[in-house]
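File shown: entry00.txt. Contents: compact mmCIF, C-alpha atoms.
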# COMPACT_ATOMS: atom_id res chain seq x y z
CA MET A 1 134.80 100.09 85.26
CA ALA A 2 133.95 98.42 88.57
CA GLY A 3 134.77 94.77 89.24
CA LYS A 4 132.35 91.88 89.35
CA PRO A 5 129.23 92.15 91.47
CA LYS A 6 129.69 90.49 94.86
CA LEU A 7 126.76 88.69 96.43
CA HIS A 8 126.46 88.40 100.21
CA TYR A 9 124.17 85.61 101.39
CA PHE A 10 124.30 82.15 102.77
CA ASN A 11 125.06 79.18 100.54
CA ALA A 12 121.52 78.40 99.47
CA ARG A 13 118.77 79.62 97.15
CA GLY A 14 116.66 81.68 99.53
CA ARG A 15 116.04 85.25 98.40
CA MET A 16 119.30 85.51 96.48
CA GLU A 17 118.58 82.86 93.84
CA SER A 18 116.44 85.06 91.59
CA ILE A 19 119.32 87.55 91.57
CA ARG A 20 121.77 84.79 90.60
CA TRP A 21 119.45 83.74 87.76
CA LEU A 22 119.10 87.29 86.45
CA LEU A 23 122.82 88.03 86.54
CA ALA A 24 123.57 84.70 84.89
CA ALA A 25 120.97 85.26 82.18
CA ALA A 26 122.44 88.71 81.53
CA GLY A 27 125.84 87.03 81.06
CA VAL A 28 127.29 88.81 84.08
CA GLU A 29 129.96 87.03 86.09
CA PHE A 30 129.64 87.45 89.83
CA GLU A 31 131.41 86.53 93.06
CA GLU A 32 129.81 85.21 96.20
CA GLN A 33 130.66 85.75 99.85
CA PHE A 34 128.84 83.10 101.86
CA LEU A 35 127.69 83.67 105.41
CA ALA A 36 128.45 80.39 107.15
CA SER A 37 127.87 81.34 110.80
CA PRO A 38 126.01 83.84 112.98
CA GLU A 39 129.38 85.58 113.46
CA ASP A 40 129.65 86.17 109.71
CA LEU A 41 126.30 87.97 109.70
CA GLU A 42 127.22 89.95 112.83
CA LYS A 43 130.49 91.02 111.23
CA LEU A 44 128.66 92.28 108.14
CA ARG A 45 126.10 94.05 110.32
CA ASN A 46 128.87 95.80 112.24
CA GLU A 47 130.52 97.07 109.08
CA ASP A 48 129.24 100.61 108.90
CA GLY A 49 127.18 101.17 105.78
CA SER A 50 127.21 97.58 104.57
CA LEU A 51 123.72 96.37 105.40
CA MET A 52 121.22 99.22 105.38
CA PHE A 53 118.59 97.26 107.28
CA GLN A 54 120.99 94.68 108.75
CA GLN A 55 119.65 92.13 106.30
CA VAL A 56 120.82 90.10 103.37
CA PRO A 57 120.63 89.71 100.37
CA MET A 58 123.15 92.45 99.76
CA VAL A 59 124.98 92.93 96.48
CA GLU A 60 128.05 95.10 95.98
CA ILE A 61 127.68 96.45 92.47
CA ASP A 62 128.97 99.56 90.70
CA GLY A 63 130.20 101.13 93.92
CA MET A 64 126.93 100.56 95.79
CA LYS A 65 126.08 98.19 98.60
CA LEU A 66 122.52 97.40 97.58
CA ALA A 67 120.12 95.64 99.89
CA GLN A 68 116.50 94.58 99.30
CA THR A 69 115.90 91.92 96.69
CA ARG A 70 113.64 94.05 94.48
CA ALA A 71 116.04 97.01 94.51
CA ILE A 72 118.83 94.69 93.37
CA LEU A 73 116.71 92.97 90.71
CA ASN A 74 115.38 96.28 89.37
CA TYR A 75 118.90 97.67 89.04
CA ILE A 76 120.28 94.61 87.27
CA ALA A 77 117.28 94.44 84.95
CA ALA A 78 117.55 98.10 83.99
CA LYS A 79 121.33 98.02 83.58
CA TYR A 80 121.29 94.97 81.31
CA ASN A 81 118.26 95.99 79.26
CA LEU A 82 115.96 93.33 80.63
CA TYR A 83 113.30 95.78 81.76
CA GLY A 84 111.38 96.64 78.60
CA LYS A 85 111.71 99.62 76.30
CA ASP A 86 109.44 102.10 78.11
CA ILE A 87 107.43 102.56 81.26
CA LYS A 88 104.37 100.75 79.90
CA GLU A 89 106.39 97.65 79.09
CA ARG A 90 107.99 97.97 82.50
CA ALA A 91 104.54 98.07 84.08
CA LEU A 92 103.62 94.77 82.46
CA ILE A 93 106.98 93.26 83.40
CA ASP A 94 106.48 94.42 86.99
CA MET A 95 102.92 93.11 87.19
CA TYR A 96 103.95 89.70 85.87
CA SER A 97 107.12 89.58 88.02
CA GLU A 98 105.21 90.48 91.17
CA GLY A 99 102.72 87.68 90.55
CA MET A 100 105.66 85.31 90.13
CA ALA A 101 107.19 86.65 93.34
CA ASP A 102 103.95 85.89 95.21
CA LEU A 103 104.02 82.26 94.06
CA ASN A 104 107.77 82.03 94.65
CA GLU A 105 107.24 83.28 98.22
CA MET A 106 104.99 80.31 98.95
CA ILE A 107 107.63 77.93 97.55
CA LEU A 108 110.37 79.71 99.54
CA HIS A 109 108.47 79.15 102.78
CA LEU A 110 107.71 75.48 102.18
CA PRO A 111 110.88 74.11 103.82
CA LEU A 112 110.24 76.37 106.81
CA CYS A 113 106.74 74.99 107.37
CA PRO A 114 106.14 72.99 110.55
CA PRO A 115 105.35 69.37 109.54
CA ASP A 116 101.67 69.68 110.46
CA GLN A 117 101.25 72.61 108.04
CA LYS A 118 103.23 71.20 105.11
CA ASP A 119 100.37 69.43 103.37
CA ALA A 120 98.17 72.51 103.47
CA LYS A 121 101.00 74.66 102.13
CA MET A 122 101.67 72.20 99.32
CA THR A 123 98.00 72.14 98.41
CA GLN A 124 97.98 75.93 98.32
CA ILE A 125 101.00 76.00 96.00
CA ARG A 126 99.44 73.46 93.65
CA GLU A 127 96.12 75.25 93.64
CA LYS A 128 97.56 78.71 93.02
CA THR A 129 99.93 77.44 90.32
CA THR A 130 97.20 75.60 88.47
CA ASN A 131 94.31 78.03 88.90
CA ARG A 132 95.81 81.47 89.28
CA TYR A 133 99.39 82.08 88.21
CA PHE A 134 100.26 79.71 85.38
CA PRO A 135 96.95 80.23 83.54
CA ALA A 136 97.60 83.98 83.66
CA PHE A 137 101.06 83.63 82.09
CA GLU A 138 99.93 81.02 79.56
CA LYS A 139 97.21 83.47 78.56
CA VAL A 140 99.75 86.26 78.02
CA LEU A 141 101.82 84.10 75.68
CA LYS A 142 98.73 82.90 73.88
CA SER A 143 97.38 86.44 73.46
CA HIS A 144 100.29 87.70 71.35
CA GLY A 145 101.86 84.43 70.19
CA GLN A 146 105.35 85.84 70.67
CA HIS A 147 108.42 84.14 72.07
CA TYR A 148 108.71 86.34 75.13
CA LEU A 149 106.25 87.64 77.66
CA VAL A 150 106.68 91.35 76.95
CA GLY A 151 107.65 93.42 73.94
CA ASN A 152 108.75 90.53 71.74
CA ARG A 153 112.14 90.39 73.38
CA LEU A 154 113.81 88.86 76.41
CA SER A 155 113.10 90.54 79.73
CA ARG A 156 113.46 89.71 83.39
CA ALA A 157 109.89 88.44 83.37
CA ASP A 158 110.91 85.52 81.15
CA ILE A 159 113.88 84.68 83.39
CA HIS A 160 111.83 84.84 86.61
CA LEU A 161 109.11 82.68 85.07
CA VAL A 162 111.47 80.01 83.82
CA GLU A 163 113.16 79.88 87.23
CA LEU A 164 109.71 79.40 88.78
CA ILE A 165 108.83 76.65 86.30
CA TYR A 166 111.96 74.74 87.34
CA TYR A 167 110.82 74.97 90.99
CA ILE A 168 107.28 73.85 90.17
CA GLU A 169 108.68 70.91 88.22
CA GLU A 170 110.81 69.98 91.22
CA ILE A 171 107.63 69.92 93.29
CA ASP A 172 105.46 68.08 90.75
CA PRO A 173 106.10 67.93 86.99
CA SER A 174 102.47 67.04 86.32
CA LEU A 175 101.54 70.61 87.26
CA MET A 176 102.94 71.70 83.89
CA ALA A 177 100.56 69.44 81.96
CA ASN A 178 98.14 72.10 80.74
CA PHE A 179 100.68 74.80 79.99
CA PRO A 180 102.28 74.02 76.60
CA LEU A 181 103.31 77.62 75.93
CA LEU A 182 105.02 77.88 79.30
CA LYS A 183 106.85 74.64 78.60
CA ALA A 184 107.98 75.99 75.24
CA LEU A 185 109.17 79.21 76.90
CA LYS A 186 111.13 77.17 79.39
CA THR A 187 112.84 75.24 76.60
CA ARG A 188 113.64 78.38 74.61
CA ILE A 189 115.04 80.32 77.56
CA SER A 190 116.98 77.30 78.82
CA ASN A 191 118.72 77.13 75.43
CA LEU A 192 120.00 80.70 75.53
CA PRO A 193 123.77 80.28 75.96
CA PRO A 194 124.18 82.10 79.30
CA VAL A 195 121.16 80.29 80.77
CA LYS A 196 122.28 76.94 79.39
CA LYS A 197 125.63 77.48 81.09
CA PHE A 198 123.95 78.41 84.38
CA LEU A 199 121.84 75.24 84.24
CA GLN A 200 124.88 73.01 84.03
CA PRO A 201 126.44 71.30 87.05
CA GLY A 202 129.23 73.32 88.61
CA SER A 203 127.54 76.66 88.02
CA GLN A 204 126.57 79.05 90.80
CA ARG A 205 122.97 77.85 90.70
CA LYS A 206 122.00 76.45 94.08
CA PRO A 207 120.24 73.13 94.76
CA PRO A 208 117.04 72.81 96.81
CA ILE A 209 117.76 73.36 100.48
CA ASP A 210 118.44 70.21 102.49
CA ALA A 211 117.85 69.69 106.20
CA LYS A 212 121.49 70.45 107.09
CA ALA A 213 121.60 73.74 105.18
CA LEU A 214 118.26 74.72 106.70
CA GLU A 215 119.61 74.15 110.21
CA GLU A 216 122.65 76.28 109.37
CA ALA A 217 120.38 79.04 108.06
CA ARG A 218 118.23 78.93 111.19
CA LYS A 219 121.34 79.43 113.29
CA ILE A 220 122.66 82.29 111.20
CA PHE A 221 119.37 84.12 110.80
CA LYS A 222 117.82 83.06 114.08
CA PHE A 223 114.42 81.96 112.84
CA THR B 1 107.41 119.66 89.56
CA VAL B 2 104.86 118.05 91.78
CA SER B 3 101.81 116.90 89.92
CA ALA B 4 98.32 117.14 91.38
CA PHE B 5 96.94 113.93 89.96
CA GLN B 6 93.21 113.36 90.35
CA PHE B 7 91.84 109.87 90.60
CA GLU B 8 88.52 108.08 90.85
CA GLU B 9 87.71 105.20 93.12
CA GLN B 10 85.46 102.19 92.61
CA PHE B 11 84.90 100.63 96.01
CA LEU B 12 84.28 96.93 96.49
CA ALA B 13 81.58 96.78 99.14
CA SER B 14 80.60 93.11 99.00
CA PRO B 15 81.92 89.70 97.96
CA GLU B 16 79.72 90.02 94.87
CA ASP B 17 81.58 93.18 93.82
CA LEU B 18 84.88 91.31 93.88
CA GLU B 19 83.37 88.33 92.05
CA LYS B 20 82.03 90.64 89.35
CA LEU B 21 85.45 92.16 88.83
CA ARG B 22 87.06 88.71 88.80
CA ASN B 23 84.63 87.57 86.12
CA GLU B 24 85.40 90.54 83.89
CA ASP B 25 87.85 89.06 81.44
CA GLY B 26 91.20 90.75 81.65
CA SER B 27 90.39 92.97 84.60
CA LEU B 28 92.24 91.29 87.45
CA MET B 29 95.29 89.43 86.19
CA PHE B 30 95.65 87.39 89.38
CA GLN B 31 92.06 87.87 90.60
CA GLN B 32 93.33 90.29 93.22
CA VAL B 33 93.10 93.94 94.10
CA PRO B 34 94.60 96.59 94.19
CA MET B 35 93.94 97.21 90.52
CA VAL B 36 94.33 100.58 88.85
CA GLU B 37 93.04 101.51 85.43
CA ILE B 38 95.57 103.97 84.07
CA ASP B 39 96.61 104.99 80.58
CA GLY B 40 94.66 102.19 78.95
CA MET B 41 96.09 99.49 81.20
CA LYS B 42 94.46 97.50 83.99
CA LEU B 43 97.42 97.29 86.31
CA ALA B 44 97.50 94.90 89.25
CA GLN B 45 100.19 94.35 91.89
CA THR B 46 100.95 97.24 94.20
CA ARG B 47 104.60 97.60 93.25
CA ALA B 48 103.86 97.55 89.53
CA ILE B 49 101.35 100.34 90.03
CA LEU B 50 103.64 102.39 92.28
CA ASN B 51 106.62 101.95 89.92
CA TYR B 52 104.56 103.15 86.96
CA ILE B 53 103.18 106.20 88.75
CA ALA B 54 106.60 107.13 90.14
CA ALA B 55 108.27 106.88 86.73
CA LYS B 56 105.49 108.69 84.91
CA TYR B 57 105.46 111.63 87.32
CA ASN B 58 109.23 111.92 87.73
CA LEU B 59 109.33 110.73 91.29
CA TYR B 60 111.77 107.91 90.59
CA GLY B 61 115.16 109.64 90.46
CA LYS B 62 117.17 110.79 87.46
CA ASP B 63 119.03 107.54 86.63
CA ILE B 64 119.24 103.89 87.56
CA LYS B 65 121.59 104.49 90.48
CA GLU B 66 119.22 106.97 92.08
CA ARG B 67 116.43 104.53 91.37
CA ALA B 68 118.38 101.81 93.15
CA LEU B 69 118.62 103.92 96.29
CA ILE B 70 114.96 104.88 96.04
CA ASP B 71 114.03 101.22 95.65
CA MET B 72 116.20 100.09 98.56
CA TYR B 73 114.72 102.74 100.86
CA SER B 74 111.15 102.14 99.63
CA GLU B 75 111.43 98.39 100.11
CA GLY B 76 112.61 98.86 103.70
CA MET B 77 109.61 101.11 104.25
CA ALA B 78 107.34 98.52 102.68
CA ASP B 79 108.64 95.89 105.11
CA LEU B 80 107.75 98.09 108.10
CA ASN B 81 104.46 99.08 106.50
CA GLU B 82 103.60 95.40 106.06
CA MET B 83 103.87 94.87 109.82
CA ILE B 84 101.61 97.87 110.46
CA MET B 85 99.12 96.69 107.87
CA HIS B 86 98.83 93.30 109.54
CA LEU B 87 98.30 94.70 113.02
CA PRO B 88 94.47 94.94 112.79
CA LEU B 89 94.40 91.37 111.47
CA CYS B 90 96.31 90.00 114.45
CA PRO B 91 94.46 87.68 116.78
CA PRO B 92 94.11 89.44 120.17
CA HIS B 93 96.65 87.19 121.90
CA GLU B 94 99.31 88.07 119.30
CA LYS B 95 98.69 91.82 119.21
CA ASP B 96 101.10 92.81 121.94
CA ALA B 97 103.96 90.87 120.40
CA LYS B 98 103.23 92.43 117.01
CA MET B 99 103.14 95.91 118.50
CA THR B 100 106.44 95.30 120.27
CA GLN B 101 107.96 94.13 116.99
CA ILE B 102 106.77 97.27 115.21
CA ARG B 103 108.16 99.55 117.93
CA GLU B 104 111.45 97.68 117.98
CA LYS B 105 111.94 97.66 114.23
CA THR B 106 110.93 101.31 113.88
CA THR B 107 113.27 102.46 116.63
CA ASN B 108 116.24 100.20 115.99
CA ARG B 109 116.21 99.33 112.32
CA TYR B 110 114.19 101.44 109.92
CA PHE B 111 113.98 104.96 111.26
CA PRO B 112 117.67 105.13 112.24
CA ALA B 113 118.54 104.06 108.70
CA PHE B 114 116.50 106.86 107.13
CA GLU B 115 117.61 109.46 109.69
CA LYS B 116 121.17 108.49 108.81
CA VAL B 117 120.54 109.03 105.09
CA LEU B 118 119.23 112.54 105.69
CA LYS B 119 122.08 113.30 108.07
CA SER B 120 124.68 112.00 105.62
CA HIS B 121 123.92 114.54 102.90
CA GLY B 122 122.04 117.20 104.82
CA GLN B 123 119.62 117.67 101.92
CA HIS B 124 115.88 118.19 102.04
CA TYR B 125 114.99 114.95 100.30
CA LEU B 126 116.17 111.38 100.66
CA VAL B 127 117.62 110.98 97.16
CA GLY B 128 119.13 113.29 94.58
CA ASN B 129 118.26 116.53 96.31
CA ARG B 130 114.75 116.46 94.93
CA LEU B 131 111.37 114.97 95.76
CA SER B 132 110.93 111.29 95.00
CA ARG B 133 108.53 108.55 95.91
CA ALA B 134 110.85 107.59 98.77
CA ASP B 135 110.00 110.86 100.56
CA ILE B 136 106.28 110.33 100.06
CA HIS B 137 106.33 106.71 101.27
CA LEU B 138 108.39 107.69 104.31
CA VAL B 139 106.12 110.54 105.33
CA GLU B 140 103.08 108.29 104.96
CA LEU B 141 104.83 105.78 107.21
CA ILE B 142 105.66 108.47 109.78
CA TYR B 143 101.99 109.39 109.99
CA TYR B 144 101.15 105.74 110.75
CA ILE B 145 103.89 105.43 113.37
CA GLU B 146 102.62 108.60 115.03
CA GLU B 147 99.11 107.11 115.06
CA ILE B 148 100.55 104.12 116.90
CA ASP B 149 102.79 106.09 119.29
CA PRO B 150 104.08 109.63 118.71
CA SER B 151 106.88 109.11 121.21
CA LEU B 152 108.54 106.77 118.68
CA MET B 153 109.53 109.88 116.72
CA ALA B 154 111.43 111.40 119.62
CA ASN B 155 114.96 110.69 118.40
CA PHE B 156 114.37 111.34 114.72
CA LEU B 157 114.63 115.07 114.23
CA LEU B 158 115.45 114.99 110.54
CA LEU B 159 112.55 112.65 109.85
CA LYS B 160 110.22 115.03 111.69
CA ALA B 161 111.53 117.91 109.63
CA LEU B 162 111.01 115.90 106.43
CA LYS B 163 107.46 115.16 107.48
CA THR B 164 106.77 118.87 108.01
CA ARG B 165 108.33 119.87 104.70
CA ILE B 166 106.51 117.24 102.65
CA SER B 167 103.23 117.89 104.43
CA ASN B 168 103.47 121.51 103.36
CA LEU B 169 103.79 120.75 99.64
CA PRO B 170 100.47 121.98 98.21
CA PRO B 171 99.19 118.67 96.80
CA VAL B 172 100.16 116.80 99.99
CA LYS B 173 98.67 119.52 102.18
CA LYS B 174 95.42 119.16 100.26
CA PHE B 175 95.47 115.38 100.62
CA LEU B 176 95.98 115.69 104.37
CA GLN B 177 92.85 117.77 104.78
CA PRO B 178 89.48 116.31 105.82
CA GLY B 179 87.31 115.43 102.84
CA SER B 180 90.20 114.18 100.72
CA GLN B 181 90.50 110.60 99.44
CA ARG B 182 92.92 109.71 102.23
CA LYS B 183 91.48 106.85 104.25
CA PRO B 184 91.27 106.66 108.04
CA PRO B 185 92.61 103.74 110.10
CA VAL B 186 90.48 100.62 109.60
CA ASP B 187 87.81 100.23 112.27
CA ALA B 188 86.28 96.97 113.46
CA LYS B 189 83.25 97.33 111.15
CA ALA B 190 85.33 97.99 108.02
CA LEU B 191 87.60 95.08 108.96
CA GLU B 192 84.65 92.69 109.15
CA GLU B 193 83.47 93.91 105.74
CA ALA B 194 86.92 93.38 104.30
CA ARG B 195 87.11 89.87 105.71
CA LYS B 196 83.86 89.01 103.97
CA ILE B 197 84.88 90.45 100.64
CA VAL B 198 88.37 89.01 100.43
CA ASN B 199 87.65 85.85 102.42

Translate this file's structure into structure tokens.
Amino acid sequence: MAGKPKLHYFNARGRMESIRWLLAAAGVEFEEQFLASPEDLEKLRNEDGSLMFQQVPMVEIDGMKLAQTRAILNYIAAKYNLYGKDIKERALIDMYSEGMADLNEMILHLPLCPPDQKDAKMTQIREKTTNRYFPAFEKVLKSHGQHYLVGNRLSRADIHLVELIYYIEEIDPSLMANFPLLKALKTRISNLPPVKKFLQPGSQRKPPIDAKALEEARKIFKF
Amino acid sequence: TVSAFQFEEQFLASPEDLEKLRNEDGSLMFQQVPMVEIDGMKLAQTRAILNYIAAKYNLYGKDIKERALIDMYSEGMADLNEMIMHLPLCPPHEKDAKMTQIREKTTNRYFPAFEKVLKSHGQHYLVGNRLSRADIHLVELIYYIEEIDPSLMANFLLLKALKTRISNLPPVKKFLQPGSQRKPPVDAKALEEARKIVN
């Protein structure tokens, strides 16, 4: 049996955080190799076969060096039975997860916004959360009254959504006001032992990016 | 086996068409298209739709490890395709830079990666020695790159061979013929229409 998965990224949330959440929720221990300088990224790029498109995230898992966030998430979800019981459940999980990814992308880009665009970006996030994405997920939970989004059991969709709710609450807790079922989901999922552990201080969960970490990332990734 | 799947299309031709669909309860989960009605579902989100079709028609590998490779390759292709998709939407003063980026990424990042995969195993398909969605997505992408600049294909012999092989599969051959549901590059008129519909 292969060793623990090894995550290659810089020491921040970025595009790796949803992978950390999913592994943690699946109860899978993982190691992390942080890129701390442009030289670290160059070194990884020069390792033949390590970074297929010279990009991170990259996760070493089960003998593979997997790049591309969705490829990594899909593999972990399927391996740990968090991807539904058949292709129709997977279709729903994918549809919901992709909607979450669209909202998450806006949140991801917020720190990178030039100051004169920040207000507009924030307004867009609030508007889309309140009028598009969270009503859609609240409606799913309301429609079947079950404890999980799909198939009456835990899937990646629940994990991704709870992660997103934590980010929205960091931005503005009042945005959750009209979504009682989402709040209940968040509580339930947060109480699952592996998730509870991940939510505690000292876990591998990363804090919001601060100005210093952002500067470091700009240097490493040259953006 | 390759399946010759027939599909219908309902075109949105005006902002009112999109509004109508948005107002149909349960039709557009996030009020967006693409949306595909398939097997009793109204599926939105491009990747959800593609994943379902690939799995249903056995174009998604034989196990989760093959699927991981297919996903990794397909996501790289999607990144390049995203740049190409945005090209018509570029303001004129940004077009050259965008074009340069596409050329650079095709030549130095994406196509070398896929050429290397084919070279590494010498097989006729990207993954698992049989046709998968990765081959289809890549050949589609090659057609777009050739529309932009055929000389970009010069150093990618195995990719060119893949394109020929896949293009000769009967259902693909049919799709490549005039009169099929394959769409041409967007022209200025269609782009204006799209801007109005999607705002």

Using all atoms listed in the file, which residue out of B:Glu19, B:Asp71, B:Glu8, B:Glu66 lies closest to chain A?
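Ranked by minimum distance to chain A, first place goes to B:Asp71.
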
So that each row is one residue of chain B with an atom at most 6 Å from chain A, can you give its shortest atom pair and the distance in Å to one decimal, using only C-alpha atoms, rows by chain and rising number, as CSV?
residue,atom,partner,partner_atom,distance
B:Phe30,CA,A:Arg132,CA,5.9
B:Gln45,CA,A:Met95,CA,5.6
B:Ala48,CA,A:Asp94,CA,4.8
B:Tyr52,CA,A:Ala91,CA,5.8
B:Ala68,CA,A:Ala71,CA,5.5
B:Asp71,CA,A:Ala71,CA,4.8
B:Met72,CA,A:Ala71,CA,5.1
B:Arg109,CA,A:Phe53,CA,5.9

Would you write out those residues with C-alpha atoms, as a short mmCIF file (atom, residue, chain, number, x, y, z; two decimals), keeping the file's coordinate frame?
data_model
loop_
_atom_site.label_atom_id
_atom_site.label_comp_id
_atom_site.auth_asym_id
_atom_site.auth_seq_id
_atom_site.Cartn_x
_atom_site.Cartn_y
_atom_site.Cartn_z
CA PHE B 30 95.65 87.39 89.38
CA GLN B 45 100.19 94.35 91.89
CA ALA B 48 103.86 97.55 89.53
CA TYR B 52 104.56 103.15 86.96
CA ALA B 68 118.38 101.81 93.15
CA ASP B 71 114.03 101.22 95.65
CA MET B 72 116.20 100.09 98.56
CA ARG B 109 116.21 99.33 112.32
#

Figure out the distance between atom CA of B:Tyr110 and atom CA of A:Glu60, please, to one decimal in Å.
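Distance between the two atoms: 20.7 Å.
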
Applying 12 Å and all atoms listed in the file, which residues near A:Leu23 remain after dropping the ones on its own chain fewer than 2 positions away? List them as number ranges by chain.
A: 4-7, 16-21, 25-31, 59, 61, 72-82, 156, 159-160, 194-195, 198, 204-205

Distance criterion (all atoms listed in the file): nearest to B:Gly128 out of B:Leu69, B:Met85, B:Val172, B:Val186
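Closest residue, counting all atoms listed in the file: B:Leu69.
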
Closest to B:Ala55 among B:Lys116, B:Lys42, B:Arg67, B:His93, using all atoms listed in the file?
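Nearest to B:Ala55: B:Arg67.
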
Distance of atom CA of B:Glu146 from atom CA of B:Glu94, expressed in Å to one decimal place:
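Answer for the atom CA of B:Glu94 to atom CA of B:Glu146 separation: 21.2 Å.
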
Option closest in space to B:Ala161, from B:Gln32, B:Asn58, B:Ser180, B:Gln123 [counting all atoms listed in the file]:
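Distance minimum relative to B:Ala161 lands on B:Gln123.
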
What separation in Å, quoted to one decimal, exists between atom CA of B:Met83 and atom CA of B:Ile145?
11.1 Å

Using all atoms listed in the file, the best pick from A:Leu141, A:Leu181, A:Leu110, A:Met100 as closest to A:Gly14 would be A:Leu110

Looking at all atoms listed in the file, which of B:Leu50, B:Leu43, B:Pro15, B:Leu80 is the one that sits closest to B:Leu28?
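Smallest separation from B:Leu28 among the options: B:Leu43.
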
Padded axis-aligned box of stretch 93-98 of chain A (6 Å per side), centre and edge lengths, Å, one decimal, as lines of an AutoDock Vina configuration file:
center_x = 105.0
center_y = 92.0
center_z = 87.3
size_x = 16.2
size_y = 16.8
size_z = 19.8
